[in-house]
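See below for the structure under consideration.
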2 protein chains.
Amino acid sequence: MKSRLCFLFMIVTVALSLNAQFTNSPVIGKDGSVSFSISAPGADTVRLIIDSRMDTLMQRQGDKWKLTLNNLEPDLYMYHFIVDGMKVLDNDNAHVLRDVKNVMNTFVLDPQADCPMAVHDVPHGEVRAVWYDSPTLGMKRRMMIYLPPGYELSRQKYPVFYLLHGSGGDETVWLEQGRTAQILDNLIATGNAEPMIVVMPNGNIDEQAAAGMTPDNNVQPTFAHKHWMDGTFEESFKDIMTWVENNYRIRAAKRYRAIAGLSMGGYHSLYISANQPEDFAYVGLFSPAISRMDQGKSKIYDDLEAKLLTQFKQRPKVYWMGIGEKDFLYKDNAEFRKLLDKNHLRYTYHESGAGHEWANWRDYLVIFTQLLFK
Amino acid sequence: MKSRLCFLFMIVTVALSLNAQFTNSPVIGKDGSVSFSISAPGADTVRLIIDSRMDTLMQRQGDKWKLTLNNLEPDLYMYHFIVDGMKVLDNDNAHVLRDVKNVMNTFVLDPQADCPMAVHDVPHGEVRAVWYDSPTLGMKRRMMIYLPPGYELSRQKYPVFYLLHGSGGDETVWLEQGRTAQILDNLIATGNAEPMIVVMPNGNIDEQAAAGMTPDNNVQPTFAHKHWMDGTFEESFKDIMTWVENNYRIRAAKRYRAIAGLSMGGYHSLYISANQPEDFAYVGLFSPAISRMDQGKSKIYDDLEAKLLTQFKQRPKVYWMGIGEKDFLYKDNAEFRKLLDKNHLRYTYHESGAGHEWANWRDYLVIFTQLLFK
């Protein structure tokens, strides 16, 4: 009995020492209010930073600093504190994500239980971390695969959606900040999206995989890659398609293939689909890092206008562009739309608030995914 | 050209603002030294905490606080700083892991490039997050599966190893702190372990999945579960085996089945294997939370001695126990060994340094895995 009690005592002691084990933080009210709190008795100022949405002072209440926010939109949020100039995480919240190298706390706001970024009580798809062979790049590379609920037990073939990340991202980011698995689970459960396979490769062709998953174990995630939008990723893209089509039950035809990406991934999607006009019926450009200064860097980027004419002659079912009105790439995107307009090429254009950020890209994924394979 | 430059400028600006994007931290020397550094100009004291291995003061050097350590063993380490009593992470290190609710930075020390916990340039297995049906518990539940390199392309059947976590853990922890994928990749590549499938379920039967993966999106990970070592997990274990054997190419026979776990998972492994003597040829108890006060709580825990006699009459190929000499469960484990000795039941016993902690459990996984399916 003694040792049993001792064991329980240890567990309770450890639990108590781990910063209020049973506290949820932030505290989310039924009205959708979100209350933040941090203990910092000696601090002069404490700031709360939420994504690029907010940077505000907290109020001292005794040893604690507090702030309650109302009227936030349902979404996933990332935040941290700045205590007298030093970044500090919320130790009452174990949920963290990183944005490139910056680790932050996270919470999901879903007051009406209808946010497509939240986990709901619906069938869940399977997520796989796989290593594919890229003969073009001469390496094994990691990518993430989302399989729709029921894939394991069915014999059905599925359409496939290639979903590409931005500069500073890697194969994990669409699942982490992008909430791809939650969004797909929810849209498929309500019948708003077709069951599909989502393939999330790594677009940084200098690396085999995300930082920490390669033999340079402690390397840090970075924006700075040696090869960067130089055509190599686009040239090697068929290695990914071949591997996927060999390993999964795929409907391997243009009308069952989509490609989309954010920022650098939007740029990749633009040029991959323009260079492979026979392959993609659905193209999504999410705040794409469009620049038409790229000719001569690679044959991939040459003759874009002629390639687009060929691509649109074969009538993509959906050619979709989304961008935030404050995005620093807004003007470049407007130029690109002029090019499409001049040639009478039909596309869908979605303009949202905010800038070059995940709140937009998650929304774009929700919108674009519902257009696919119908 | 202007917008192209503007885009590059934005990228560089964002990169610089993200706390020294190109710095690796901690700095690991070729001699295996590890140098920590944190900027905290106004602080009075800064401490460095490494797992349960070290809690030490850092030295001020100008605005920074520094410390270099030598002679650490090759392994995965978790650490954080305490700045004037406040927990602060290393903002130059994007690699973090959590222990129950406590988020910490992490690094891999591998000066000879031979540490089995590090990523090496070897073929990598696939990792899957799957949802299985548990009719016994009346819910869909999440578990993680490691498939050995080549599984996808072969038609071979594989042995299966069920690997269980401890109290405070969940289905992800053997992959995260436990480094199961790295350890298996490395041991299989060198021929020291047989290719096998590793199944990592969630042993907390109150929950479907790890915190954050269930409809109570913001719930925090915890030690405190309503149902806790009450026999329910053990009773529902055949649901897991059935699902795995239906969905993977498994050699479904006793000599190709292993079960092991740490702490609560060791306790689960002990009772599952004792109650299913026909199922497991290999049993591993890693610092098991053994207590023999459990009779009457569930038929699972009754008549242990008689069940062990039956189990050992059928000669398990390996019955392995490991514990640290400072583990608070050491005495309980010694009592259990006496019970085995009294009945002349043959087991392998491994005593290591340190206590109830991951440094031991990763080592035990390395040792135990090499004994399997030979």
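Labels for the structure tokens follow display order: chains A, B, ..., residues from 1 in each chain, ligands from 1.
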Practice item. Write out as an MDAnalysis selection string the residues lying within 7 Å of segment 194-211 of chain B, counting only C-alpha atoms and excluding same-chain residues fewer than 4 positions away. Key: chainID B and resid 140:148 158:165 170:171 188 219:221 225:227 233 373
Exercise for review: Name the residues of segment 90-301 of chain B that fall into alpha helix (DSSP H) according to DSSP on the backbone, using the chain letters and numbers of this document, as a PyMOL selection string.
Suggested key: chain B and resi 173-176+180-189+232-235+237-247+264-275
Point to revise | Among listed residues A:Tyr77, A:Trp358, A:Tyr151, A:Phe223, nearest Arg249 of chain A (using only C-alpha atoms) | key: A:Tyr151
Find the residues of chain A that sit at most 6 Å from chain B; for each, write down the nearest two atoms and how far apart they are in Å, to one decimal. Count only C-alpha atoms. Sort by chain, then by number going up, and give it as a tab-separated table.
residue	atom	partner	partner_atom	distance
A:Val88	CA	B:Val88	CA	5.5
A:Ala94	CA	B:Lys101	CA	4.9
A:Lys101	CA	B:Ala94	CA	4.9
A:Val119	CA	B:Pro215	CA	4.8
A:His120	CA	B:Pro215	CA	4.7
A:Asp121	CA	B:Pro215	CA	5.9
A:Glu126	CA	B:Val130	CA	5.0
A:Val127	CA	B:Ala129	CA	5.2
A:Arg128	CA	B:Arg128	CA	4.3
A:Ala129	CA	B:Val127	CA	5.2
A:Val130	CA	B:Glu126	CA	5.0
A:Thr214	CA	B:Val119	CA	5.9
A:Pro215	CA	B:His120	CA	4.7
**Study point:** Which residue of A:Gly32, A:Pro111, A:Gly355, A:Gly261 approaches Arg53 of chain A most closely, using only C-alpha atoms
**Key:**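 Selected residue with least distance to Arg53 of chain A: A:Gly355.
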Check your understanding: Got a sec: who's within 6 Å of Gly266 of chain B, counting only C-alpha atoms, leaving out chain neighbours fewer than 2 positions off, as a list in words?
Key ->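 Here the qualifying residues turn out to be Gly261, Leu262, Ser263, Met264, His268, Ser269, Leu285, Phe286 and Pro288 of chain B.
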**Study point:** All strand (DSSP E) positions in segment 69-291 of chain A, as a VMD selection string
**Key:** chain A and resid 69 75 to 83 86 to 88 96 to 99 102 to 109 126 to 134 139 to 147 160 to 164 197 to 200 257 to 262 282 to 286
Point to revise | Point-to-point distance from atom CA of Arg251 of chain A to atom CA of Glu234 of chain A, Å rounded to tenths | key: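 Between these atoms lies a distance of 21.8 Å.
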Review point. Quick one, how far is atom CA of Ser236 of chain B from atom CA of Ser134 of chain B?
Key: 7.2 Å
**Study point:** Spatial neighbours of Ser33 of chain A, max dist 6 Å, only C-alpha atoms, sep filter under 2 positions, as a PyMOL selection string
**Key:** chain A and resi 28-29+31+69-70
Review point. Looking at B:Asn186, B:Gln112, B:Gln61, B:Thr45, which one is nearest to Pro74 of chain B, with distances taken over only C-alpha atoms?
Key: B:Gln112
Exercise for review: Could you tell me which of B:Trp320, B:Phe336, B:Trp174, B:Phe312 comes closest to Gln370 of chain B if we count only C-alpha atoms?
Suggested key: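 With only C-alpha atoms as the atom set, the closest residue is B:Trp320.
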